[in-house]
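Okay, work_13.cif now, which holds mmCIF, N, CA and C atoms and all ligand atoms:
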data_coords
loop_
_atom_site.label_atom_id
_atom_site.label_comp_id
_atom_site.auth_asym_id
_atom_site.auth_seq_id
_atom_site.Cartn_x
_atom_site.Cartn_y
_atom_site.Cartn_z
N MET H 17 0.81 -1.21 0.00
CA MET H 17 0.00 0.00 0.00
C MET H 17 0.85 1.27 0.00
N SER H 18 2.15 1.12 0.20
CA SER H 18 3.01 2.30 0.22
C SER H 18 2.93 3.05 -1.10
N ALA H 19 2.74 4.37 -1.00
CA ALA H 19 2.56 5.17 -2.21
C ALA H 19 2.77 6.63 -1.89
N ASP H 20 2.90 7.42 -2.92
CA ASP H 20 3.01 8.86 -2.72
C ASP H 20 1.63 9.48 -2.60
N LEU H 21 1.53 10.50 -1.78
CA LEU H 21 0.30 11.27 -1.69
C LEU H 21 0.16 12.13 -2.93
N GLN H 22 -1.08 12.29 -3.37
CA GLN H 22 -1.37 13.23 -4.44
C GLN H 22 -2.14 14.38 -3.82
N PHE H 23 -1.64 15.60 -4.01
CA PHE H 23 -2.35 16.76 -3.48
C PHE H 23 -3.20 17.39 -4.56
N MET H 24 -4.45 17.68 -4.19
CA MET H 24 -5.38 18.26 -5.13
C MET H 24 -5.56 19.75 -4.82
N GLU H 25 -5.53 20.57 -5.85
CA GLU H 25 -5.63 22.02 -5.66
C GLU H 25 -7.08 22.47 -5.49
N GLU H 26 -7.97 21.80 -6.20
CA GLU H 26 -9.38 22.16 -6.18
C GLU H 26 -10.18 21.01 -5.63
N TRP H 27 -11.31 21.31 -5.00
CA TRP H 27 -12.16 20.26 -4.45
C TRP H 27 -13.03 19.66 -5.56
N ILE H 28 -12.61 18.51 -6.05
CA ILE H 28 -13.36 17.79 -7.09
C ILE H 28 -13.51 16.36 -6.60
N PRO H 29 -14.59 16.10 -5.83
CA PRO H 29 -14.72 14.80 -5.15
C PRO H 29 -14.57 13.60 -6.09
N GLU H 30 -15.11 13.70 -7.30
CA GLU H 30 -15.04 12.55 -8.21
C GLU H 30 -13.62 12.29 -8.72
N LYS H 31 -12.73 13.23 -8.49
CA LYS H 31 -11.33 13.01 -8.90
C LYS H 31 -10.42 12.66 -7.73
N MET H 32 -11.06 12.38 -6.58
CA MET H 32 -10.27 11.98 -5.41
C MET H 32 -9.90 10.50 -5.52
N ASP H 33 -8.90 10.23 -6.31
CA ASP H 33 -8.42 8.86 -6.43
C ASP H 33 -7.81 8.41 -5.10
N PRO H 34 -7.70 7.10 -4.88
CA PRO H 34 -7.07 6.64 -3.64
C PRO H 34 -5.72 7.30 -3.39
N GLY H 35 -5.54 7.80 -2.16
CA GLY H 35 -4.28 8.44 -1.82
C GLY H 35 -4.23 9.93 -2.13
N THR H 36 -5.38 10.53 -2.47
CA THR H 36 -5.41 11.96 -2.77
C THR H 36 -5.76 12.76 -1.52
N VAL H 37 -5.10 13.89 -1.35
CA VAL H 37 -5.34 14.77 -0.21
C VAL H 37 -5.79 16.13 -0.71
N PHE H 38 -6.81 16.67 -0.05
CA PHE H 38 -7.25 18.03 -0.34
C PHE H 38 -7.18 18.82 0.96
N MET H 39 -6.35 19.87 0.98
CA MET H 39 -6.19 20.67 2.20
C MET H 39 -7.38 21.59 2.37
N LEU H 40 -7.97 21.58 3.57
CA LEU H 40 -9.09 22.47 3.87
C LEU H 40 -8.58 23.88 4.14
N GLU H 41 -9.41 24.85 3.79
CA GLU H 41 -8.99 26.23 4.05
C GLU H 41 -9.47 26.74 5.39
N THR H 42 -10.56 26.18 5.87
CA THR H 42 -11.12 26.62 7.15
C THR H 42 -10.68 25.69 8.26
N GLN H 43 -9.41 25.36 8.25
CA GLN H 43 -8.93 24.30 9.14
C GLN H 43 -9.12 24.59 10.62
N ALA H 44 -9.02 25.84 11.03
CA ALA H 44 -9.09 26.13 12.47
C ALA H 44 -10.50 25.96 13.02
N LYS H 45 -11.50 25.88 12.14
CA LYS H 45 -12.88 25.88 12.61
C LYS H 45 -13.46 24.48 12.78
N LEU H 46 -12.75 23.47 12.34
CA LEU H 46 -13.29 22.12 12.39
C LEU H 46 -12.58 21.30 13.45
N GLY H 47 -13.33 20.50 14.17
CA GLY H 47 -12.72 19.57 15.11
C GLY H 47 -12.18 20.26 16.34
N GLN H 48 -11.27 19.59 17.03
CA GLN H 48 -10.71 20.11 18.27
C GLN H 48 -9.70 21.22 17.98
N ALA H 49 -9.64 22.18 18.88
CA ALA H 49 -8.71 23.29 18.69
C ALA H 49 -7.26 22.83 18.65
N GLN H 50 -6.94 21.84 19.48
CA GLN H 50 -5.55 21.37 19.54
C GLN H 50 -5.18 20.49 18.36
N ASN H 51 -6.18 19.87 17.77
CA ASN H 51 -5.89 18.92 16.69
C ASN H 51 -7.02 18.96 15.66
N PRO H 52 -7.15 20.10 14.98
CA PRO H 52 -8.28 20.28 14.06
C PRO H 52 -8.14 19.44 12.80
N TYR H 53 -9.25 19.26 12.16
CA TYR H 53 -9.21 18.63 10.84
C TYR H 53 -8.62 19.61 9.85
N VAL H 54 -7.66 19.15 9.07
CA VAL H 54 -6.99 20.06 8.14
C VAL H 54 -7.11 19.62 6.68
N ALA H 55 -7.58 18.42 6.45
CA ALA H 55 -7.62 17.94 5.08
C ALA H 55 -8.65 16.82 4.92
N VAL H 56 -9.01 16.60 3.68
CA VAL H 56 -9.81 15.43 3.32
C VAL H 56 -8.89 14.51 2.55
N MET H 57 -8.97 13.22 2.86
CA MET H 57 -8.10 12.27 2.17
C MET H 57 -8.91 11.06 1.74
N SER H 58 -8.60 10.54 0.57
CA SER H 58 -9.22 9.29 0.15
C SER H 58 -8.28 8.15 0.54
N CYS H 59 -8.86 7.12 1.12
CA CYS H 59 -8.08 5.97 1.59
C CYS H 59 -7.26 5.38 0.44
N PRO H 60 -5.97 5.18 0.66
CA PRO H 60 -5.13 4.64 -0.42
C PRO H 60 -5.50 3.23 -0.82
N ARG H 61 -6.29 2.54 0.02
CA ARG H 61 -6.67 1.17 -0.33
C ARG H 61 -8.04 1.13 -1.00
N CYS H 62 -9.03 1.82 -0.40
CA CYS H 62 -10.40 1.67 -0.91
C CYS H 62 -10.99 2.95 -1.48
N GLY H 63 -10.34 4.09 -1.24
CA GLY H 63 -10.83 5.34 -1.82
C GLY H 63 -11.90 6.04 -1.01
N THR H 64 -12.27 5.49 0.15
CA THR H 64 -13.25 6.16 1.01
C THR H 64 -12.70 7.49 1.49
N LEU H 65 -13.54 8.54 1.38
CA LEU H 65 -13.09 9.85 1.83
C LEU H 65 -13.23 9.99 3.33
N GLY H 66 -12.24 10.62 3.95
CA GLY H 66 -12.30 10.86 5.39
C GLY H 66 -11.55 12.12 5.73
N LEU H 67 -11.95 12.74 6.86
CA LEU H 67 -11.24 13.91 7.35
C LEU H 67 -9.99 13.47 8.10
N ILE H 68 -8.92 14.18 7.92
CA ILE H 68 -7.72 13.88 8.69
C ILE H 68 -7.28 15.11 9.46
N THR H 69 -6.68 14.86 10.60
CA THR H 69 -6.32 15.94 11.52
C THR H 69 -4.90 16.43 11.27
N ARG H 70 -4.59 17.53 11.93
CA ARG H 70 -3.26 18.11 11.82
C ARG H 70 -2.19 17.11 12.28
N LYS H 71 -2.48 16.39 13.38
CA LYS H 71 -1.49 15.43 13.87
C LYS H 71 -1.34 14.24 12.92
N GLN H 72 -2.41 13.89 12.25
CA GLN H 72 -2.31 12.79 11.29
C GLN H 72 -1.49 13.19 10.08
N ILE H 73 -1.70 14.40 9.57
CA ILE H 73 -0.94 14.80 8.38
C ILE H 73 0.51 15.09 8.74
N ALA H 74 0.76 15.33 10.03
CA ALA H 74 2.15 15.51 10.48
C ALA H 74 2.83 14.17 10.76
N GLY H 75 2.07 13.07 10.65
CA GLY H 75 2.65 11.75 10.85
C GLY H 75 2.78 11.34 12.31
N LEU H 76 2.12 12.08 13.22
CA LEU H 76 2.24 11.79 14.65
C LEU H 76 1.33 10.65 15.07
N ILE H 77 0.16 10.58 14.47
CA ILE H 77 -0.76 9.48 14.78
C ILE H 77 -1.25 8.88 13.47
N PRO H 78 -1.58 7.58 13.49
CA PRO H 78 -1.96 6.92 12.23
C PRO H 78 -3.34 7.35 11.74
N VAL H 79 -3.53 7.23 10.45
CA VAL H 79 -4.83 7.43 9.83
C VAL H 79 -5.48 6.05 9.74
N ILE H 80 -6.72 5.97 10.16
CA ILE H 80 -7.46 4.71 10.09
C ILE H 80 -8.67 4.93 9.20
N CYS H 81 -8.80 4.10 8.19
CA CYS H 81 -9.89 4.25 7.24
C CYS H 81 -11.23 4.13 7.94
N GLY H 82 -12.18 5.00 7.56
CA GLY H 82 -13.48 5.01 8.19
C GLY H 82 -14.45 4.00 7.62
N SER H 83 -14.09 3.31 6.56
CA SER H 83 -14.99 2.34 5.96
C SER H 83 -15.03 1.05 6.76
N SER H 84 -16.23 0.51 6.94
CA SER H 84 -16.34 -0.76 7.66
C SER H 84 -15.87 -1.93 6.80
N GLN H 85 -15.68 -1.69 5.52
CA GLN H 85 -15.22 -2.75 4.61
C GLN H 85 -13.70 -2.81 4.51
N CYS H 86 -13.03 -1.89 5.16
CA CYS H 86 -11.60 -1.70 4.94
C CYS H 86 -10.95 -1.40 6.28
N SER H 87 -9.83 -2.01 6.55
CA SER H 87 -9.18 -1.78 7.84
C SER H 87 -7.81 -1.13 7.66
N ALA H 88 -7.67 -0.36 6.60
CA ALA H 88 -6.36 0.24 6.31
C ALA H 88 -5.93 1.18 7.43
N GLN H 89 -4.69 1.03 7.85
CA GLN H 89 -4.08 1.95 8.82
C GLN H 89 -2.73 2.34 8.26
N PHE H 90 -2.46 3.63 8.27
CA PHE H 90 -1.21 4.08 7.68
C PHE H 90 -0.79 5.40 8.29
N PHE H 91 0.49 5.71 8.13
CA PHE H 91 1.03 7.00 8.55
C PHE H 91 1.30 7.84 7.31
N ILE H 92 1.19 9.15 7.49
CA ILE H 92 1.60 10.07 6.44
C ILE H 92 2.99 10.57 6.81
N ASN H 93 3.94 10.23 5.98
CA ASN H 93 5.33 10.60 6.24
C ASN H 93 5.77 11.54 5.13
N ASP H 94 5.79 12.84 5.44
CA ASP H 94 5.97 13.87 4.41
C ASP H 94 4.92 13.68 3.34
N SER H 95 5.28 13.31 2.14
CA SER H 95 4.26 13.13 1.11
C SER H 95 4.15 11.67 0.72
N GLU H 96 4.45 10.80 1.68
CA GLU H 96 4.42 9.37 1.42
C GLU H 96 3.43 8.68 2.35
N ILE H 97 2.79 7.64 1.84
CA ILE H 97 1.87 6.84 2.65
C ILE H 97 2.63 5.60 3.12
N VAL H 98 2.73 5.44 4.43
CA VAL H 98 3.49 4.33 4.99
C VAL H 98 2.54 3.44 5.79
N PRO H 99 2.36 2.20 5.38
CA PRO H 99 1.47 1.31 6.14
C PRO H 99 1.92 1.19 7.58
N ARG H 100 0.94 1.15 8.49
CA ARG H 100 1.25 1.00 9.89
C ARG H 100 1.72 -0.42 10.15
N LYS H 101 2.83 -0.52 10.88
CA LYS H 101 3.37 -1.85 11.19
C LYS H 101 2.44 -2.55 12.17
N PRO H 102 2.15 -3.82 11.96
CA PRO H 102 1.33 -4.55 12.94
C PRO H 102 2.05 -4.57 14.28
N SER H 103 1.30 -4.27 15.35
CA SER H 103 1.96 -4.19 16.65
C SER H 103 1.84 -5.51 17.39
ZN ZN G 1 -10.05 2.17 3.16
#

Take the structure from the file and write it as structure tokens.
Ligand SMILES: [Zn+2]
Amino acid sequence: MSADLQFMEEWIPEKMDPGTVFMLETQAKLGQAQNPYVAVMSCPRCGTLGLITRKQIAGLIPVICGSSQCSAQFFINDSEIVPRKPS
């Protein structure tokens, strides 16, 4: 599942291929103040869209796919998707 992130400049949901990130502009207003949602990302495995937080895009905590059909867990390391090692 390791792959490069694709950053999208414009919000075009139908073009959110797996592994695409769209940075939100109103980031400070969503979610918790300490760890707000800053982007929308499509799961690199199944393409399900989900919100990701500042700490997730900084690679501090893993991203877990929100789809019940998919259990993908991965870290964002700079512009790379790194599968989470089984613990
Ligand atoms: Zn998924």

Q: Pull the strand (DSSP E) assignments for region 25-96 of chain H out of DSSP run on the backbone, and list those residues as a list in words.
A: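 Here are the strand (DSSP E) residues of region 25-96 of chain H: Thr36, Val37, Phe38, Met39, Tyr53, Val54, Ala55, Val56, Met57, Ser58, Leu65, Gly66, Leu67, Ile68, Thr69, Val79, Ile80, Gln89, Phe90, Phe91, Ile92, Asn93 and Glu96 of chain H.
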
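The smallest atom-to-atom distance between ligand ZN 1 (chain G) and any of H:Gly63, H:Ile92, H:Gln50, H:Leu21, using only C-alpha atoms and all ligand atoms, is found for H:Gly63.
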
Q.
My list of candidates is H:Cys59, H:Met39, H:Val98, H:Leu76. Which is closest to ligand ZN 1 (chain G) when distances are computed with only C-alpha atoms and all ligand atoms?
A.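 For ligand ZN 1 (chain G), the nearest of the candidates is H:Cys59.
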
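Between CA of Gly66 (chain H) and atom C of Cys81 (chain H) there is a distance of 7.3 Å.
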
Please identify every residue of chain H that has at least one atom no farther than 8 Å from an atom of ligand ZN 1 (chain G), counting all atoms listed in the file, and for each give the shortest atom pair and the distance in Å to one decimal, arranged by chain then increasing number, as a Markdown table.
| residue | atom | partner | partner_atom | distance |
| --- | --- | --- | --- | --- |
| H:Ser58 | C | G:ZN1 | ZN | 6.8 |
| H:Cys59 | CA | G:ZN1 | ZN | 4.6 |
| H:Pro60 | N | G:ZN1 | ZN | 5.7 |
| H:Arg61 | C | G:ZN1 | ZN | 4.7 |
| H:Cys62 | N | G:ZN1 | ZN | 3.7 |
| H:Gly63 | N | G:ZN1 | ZN | 4.8 |
| H:Thr64 | N | G:ZN1 | ZN | 5.0 |
| H:Leu65 | N | G:ZN1 | ZN | 7.5 |
| H:Ile80 | C | G:ZN1 | ZN | 6.8 |
| H:Cys81 | CA | G:ZN1 | ZN | 4.6 |
| H:Gly82 | N | G:ZN1 | ZN | 5.6 |
| H:Ser83 | N | G:ZN1 | ZN | 5.4 |
| H:Ser84 | N | G:ZN1 | ZN | 7.4 |
| H:Gln85 | C | G:ZN1 | ZN | 6.3 |
| H:Cys86 | CA | G:ZN1 | ZN | 4.5 |
| H:Ser87 | N | G:ZN1 | ZN | 5.4 |
| H:Ala88 | N | G:ZN1 | ZN | 4.9 |
| H:Gln89 | N | G:ZN1 | ZN | 7.2 |

Can you write just those residues out, N, CA and C atoms, as an mmCIF file, keeping the file's coordinate frame?
data_model
loop_
_atom_site.group_PDB
_atom_site.id
_atom_site.type_symbol
_atom_site.label_atom_id
_atom_site.label_comp_id
_atom_site.auth_asym_id
_atom_site.auth_seq_id
_atom_site.Cartn_x
_atom_site.Cartn_y
_atom_site.Cartn_z
ATOM 1 N N SER H 58 -8.600 10.540 0.570
ATOM 2 C CA SER H 58 -9.220 9.290 0.150
ATOM 3 C C SER H 58 -8.280 8.150 0.540
ATOM 4 N N CYS H 59 -8.860 7.120 1.120
ATOM 5 C CA CYS H 59 -8.080 5.970 1.590
ATOM 6 C C CYS H 59 -7.260 5.380 0.440
ATOM 7 N N PRO H 60 -5.970 5.180 0.660
ATOM 8 C CA PRO H 60 -5.130 4.640 -0.420
ATOM 9 C C PRO H 60 -5.500 3.230 -0.820
ATOM 10 N N ARG H 61 -6.290 2.540 0.020
ATOM 11 C CA ARG H 61 -6.670 1.170 -0.330
ATOM 12 C C ARG H 61 -8.040 1.130 -1.000
ATOM 13 N N CYS H 62 -9.030 1.820 -0.400
ATOM 14 C CA CYS H 62 -10.400 1.670 -0.910
ATOM 15 C C CYS H 62 -10.990 2.950 -1.480
ATOM 16 N N GLY H 63 -10.340 4.090 -1.240
ATOM 17 C CA GLY H 63 -10.830 5.340 -1.820
ATOM 18 C C GLY H 63 -11.900 6.040 -1.010
ATOM 19 N N THR H 64 -12.270 5.490 0.150
ATOM 20 C CA THR H 64 -13.250 6.160 1.010
ATOM 21 C C THR H 64 -12.700 7.490 1.490
ATOM 22 N N LEU H 65 -13.540 8.540 1.380
ATOM 23 C CA LEU H 65 -13.090 9.850 1.830
ATOM 24 C C LEU H 65 -13.230 9.990 3.330
ATOM 25 N N ILE H 80 -6.720 5.970 10.160
ATOM 26 C CA ILE H 80 -7.460 4.710 10.090
ATOM 27 C C ILE H 80 -8.670 4.930 9.200
ATOM 28 N N CYS H 81 -8.800 4.100 8.190
ATOM 29 C CA CYS H 81 -9.890 4.250 7.240
ATOM 30 C C CYS H 81 -11.230 4.130 7.940
ATOM 31 N N GLY H 82 -12.180 5.000 7.560
ATOM 32 C CA GLY H 82 -13.480 5.010 8.190
ATOM 33 C C GLY H 82 -14.450 4.000 7.620
ATOM 34 N N SER H 83 -14.090 3.310 6.560
ATOM 35 C CA SER H 83 -14.990 2.340 5.960
ATOM 36 C C SER H 83 -15.030 1.050 6.760
ATOM 37 N N SER H 84 -16.230 0.510 6.940
ATOM 38 C CA SER H 84 -16.340 -0.760 7.660
ATOM 39 C C SER H 84 -15.870 -1.930 6.800
ATOM 40 N N GLN H 85 -15.680 -1.690 5.520
ATOM 41 C CA GLN H 85 -15.220 -2.750 4.610
ATOM 42 C C GLN H 85 -13.700 -2.810 4.510
ATOM 43 N N CYS H 86 -13.030 -1.890 5.160
ATOM 44 C CA CYS H 86 -11.600 -1.700 4.940
ATOM 45 C C CYS H 86 -10.950 -1.400 6.280
ATOM 46 N N SER H 87 -9.830 -2.010 6.550
ATOM 47 C CA SER H 87 -9.180 -1.780 7.840
ATOM 48 C C SER H 87 -7.810 -1.130 7.660
ATOM 49 N N ALA H 88 -7.670 -0.360 6.600
ATOM 50 C CA ALA H 88 -6.360 0.240 6.310
ATOM 51 C C ALA H 88 -5.930 1.180 7.430
ATOM 52 N N GLN H 89 -4.690 1.030 7.850
ATOM 53 C CA GLN H 89 -4.080 1.950 8.820
ATOM 54 C C GLN H 89 -2.730 2.340 8.260
#

Q: In the coordinates of the file, take the point (-4.9, 14.1, -3.9) and a cut-off of 10 Å; then, counting only C-alpha atoms, name each qualifying protein, DNA or RNA residue as an NGL selection string.
A: :H and (20-29 or 31-39 or 56-58)

(Q) Please extract the residues of chain H with a backbone DSSP assignment of helix (DSSP H, G or I) and present them as a PyMOL selection string. (A) chain H and resi 29-31+43-45+70-73

Q: Just the residues within 6.5 Å of Ala19 (chain H), please, counting only N, CA and C atoms, with nothing from its chain fewer than 3 positions along; format it as a list in words.
A: Ser95, Glu96, Ile97 and Val98 of chain H

Q | Residue nearest Pro78 (chain H) - candidates H:Val54, H:Asp94, H:Glu30, H:Arg100, atoms counted: only N, CA and C atoms | A |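 Using only N, CA and C atoms, Pro78 (chain H) sits closest to H:Arg100.
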
Q.
Would you compute the distance between atom C of Pro102 (chain H) and CA of Val79 (chain H)? Give it in Å to one decimal.
A.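 Straight-line distance from atom C of Pro102 (chain H) to CA of Val79 (chain H) works out to 14.5 Å.
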
Q.
Quick check, in Å to one decimal: how far apart do CA of Ile73 (chain H) and CA of Pro52 (chain H) lie?
A.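 Pair CA of Ile73 (chain H) / CA of Pro52 (chain H) returns 10.8 Å.
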
Kindly output region 55-66 of chain H as an mmCIF file, in the coordinates of the input, after building all heavy atoms.
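Wrote out-v4.cif, looks like this:
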data_model
loop_
_atom_site.group_PDB
_atom_site.id
_atom_site.type_symbol
_atom_site.label_atom_id
_atom_site.label_comp_id
_atom_site.auth_asym_id
_atom_site.auth_seq_id
_atom_site.Cartn_x
_atom_site.Cartn_y
_atom_site.Cartn_z
ATOM 1 N N ALA H 55 -7.580 18.420 6.450
ATOM 2 C CA ALA H 55 -7.620 17.940 5.080
ATOM 3 C C ALA H 55 -8.650 16.820 4.920
ATOM 4 O O ALA H 55 -9.081 16.213 5.902
ATOM 5 C CB ALA H 55 -6.242 17.411 4.667
ATOM 6 N N VAL H 56 -9.010 16.600 3.680
ATOM 7 C CA VAL H 56 -9.810 15.430 3.320
ATOM 8 C C VAL H 56 -8.890 14.510 2.550
ATOM 9 O O VAL H 56 -8.114 14.949 1.707
ATOM 10 C CB VAL H 56 -11.021 15.807 2.443
ATOM 11 C CG1 VAL H 56 -11.818 14.566 2.042
ATOM 12 C CG2 VAL H 56 -11.909 16.805 3.162
ATOM 13 N N MET H 57 -8.970 13.220 2.860
ATOM 14 C CA MET H 57 -8.100 12.270 2.170
ATOM 15 C C MET H 57 -8.910 11.060 1.740
ATOM 16 O O MET H 57 -9.798 10.605 2.455
ATOM 17 C CB MET H 57 -6.976 11.820 3.111
ATOM 18 C CG MET H 57 -6.032 10.839 2.462
ATOM 19 S SD MET H 57 -4.669 10.394 3.542
ATOM 20 C CE MET H 57 -3.719 9.414 2.369
ATOM 21 N N SER H 58 -8.600 10.540 0.570
ATOM 22 C CA SER H 58 -9.220 9.290 0.150
ATOM 23 C C SER H 58 -8.280 8.150 0.540
ATOM 24 O O SER H 58 -7.073 8.209 0.335
ATOM 25 C CB SER H 58 -9.490 9.292 -1.349
ATOM 26 O OG SER H 58 -8.292 9.435 -2.066
ATOM 27 N N CYS H 59 -8.860 7.120 1.120
ATOM 28 C CA CYS H 59 -8.080 5.970 1.590
ATOM 29 C C CYS H 59 -7.260 5.380 0.440
ATOM 30 O O CYS H 59 -7.798 5.146 -0.651
ATOM 31 C CB CYS H 59 -9.036 4.916 2.138
ATOM 32 S SG CYS H 59 -8.215 3.372 2.589
ATOM 33 N N PRO H 60 -5.970 5.180 0.660
ATOM 34 C CA PRO H 60 -5.130 4.640 -0.420
ATOM 35 C C PRO H 60 -5.500 3.230 -0.820
ATOM 36 O O PRO H 60 -5.089 2.756 -1.877
ATOM 37 C CB PRO H 60 -3.715 4.705 0.152
ATOM 38 C CG PRO H 60 -3.887 4.788 1.619
ATOM 39 C CD PRO H 60 -5.213 5.460 1.865
ATOM 40 N N ARG H 61 -6.290 2.540 0.020
ATOM 41 C CA ARG H 61 -6.670 1.170 -0.330
ATOM 42 C C ARG H 61 -8.040 1.130 -1.000
ATOM 43 O O ARG H 61 -8.214 0.495 -2.023
ATOM 44 C CB ARG H 61 -6.668 0.289 0.921
ATOM 45 C CG ARG H 61 -6.938 -1.182 0.595
ATOM 46 C CD ARG H 61 -6.951 -2.045 1.835
ATOM 47 N NE ARG H 61 -5.604 -2.190 2.413
ATOM 48 C CZ ARG H 61 -5.379 -2.746 3.597
ATOM 49 N NH1 ARG H 61 -6.374 -3.187 4.330
ATOM 50 N NH2 ARG H 61 -4.145 -2.848 4.053
ATOM 51 N N CYS H 62 -9.030 1.820 -0.400
ATOM 52 C CA CYS H 62 -10.400 1.670 -0.910
ATOM 53 C C CYS H 62 -10.990 2.950 -1.480
ATOM 54 O O CYS H 62 -12.043 2.911 -2.088
ATOM 55 C CB CYS H 62 -11.307 1.106 0.187
ATOM 56 S SG CYS H 62 -11.649 2.299 1.486
ATOM 57 N N GLY H 63 -10.340 4.090 -1.240
ATOM 58 C CA GLY H 63 -10.830 5.340 -1.820
ATOM 59 C C GLY H 63 -11.900 6.040 -1.010
ATOM 60 O O GLY H 63 -12.403 7.070 -1.431
ATOM 61 N N THR H 64 -12.270 5.490 0.150
ATOM 62 C CA THR H 64 -13.250 6.160 1.010
ATOM 63 C C THR H 64 -12.700 7.490 1.490
ATOM 64 O O THR H 64 -11.570 7.567 1.949
ATOM 65 C CB THR H 64 -13.598 5.267 2.221
ATOM 66 O OG1 THR H 64 -14.220 4.078 1.747
ATOM 67 C CG2 THR H 64 -14.527 5.976 3.186
ATOM 68 N N LEU H 65 -13.540 8.540 1.380
ATOM 69 C CA LEU H 65 -13.090 9.850 1.830
ATOM 70 C C LEU H 65 -13.230 9.990 3.330
ATOM 71 O O LEU H 65 -14.208 9.535 3.919
ATOM 72 C CB LEU H 65 -13.917 10.956 1.150
ATOM 73 C CG LEU H 65 -13.796 11.061 -0.364
ATOM 74 C CD1 LEU H 65 -14.654 12.209 -0.865
ATOM 75 C CD2 LEU H 65 -12.356 11.244 -0.793
ATOM 76 N N GLY H 66 -12.240 10.620 3.950
ATOM 77 C CA GLY H 66 -12.300 10.860 5.390
ATOM 78 C C GLY H 66 -11.550 12.120 5.730
ATOM 79 O O GLY H 66 -10.646 12.546 5.018
#
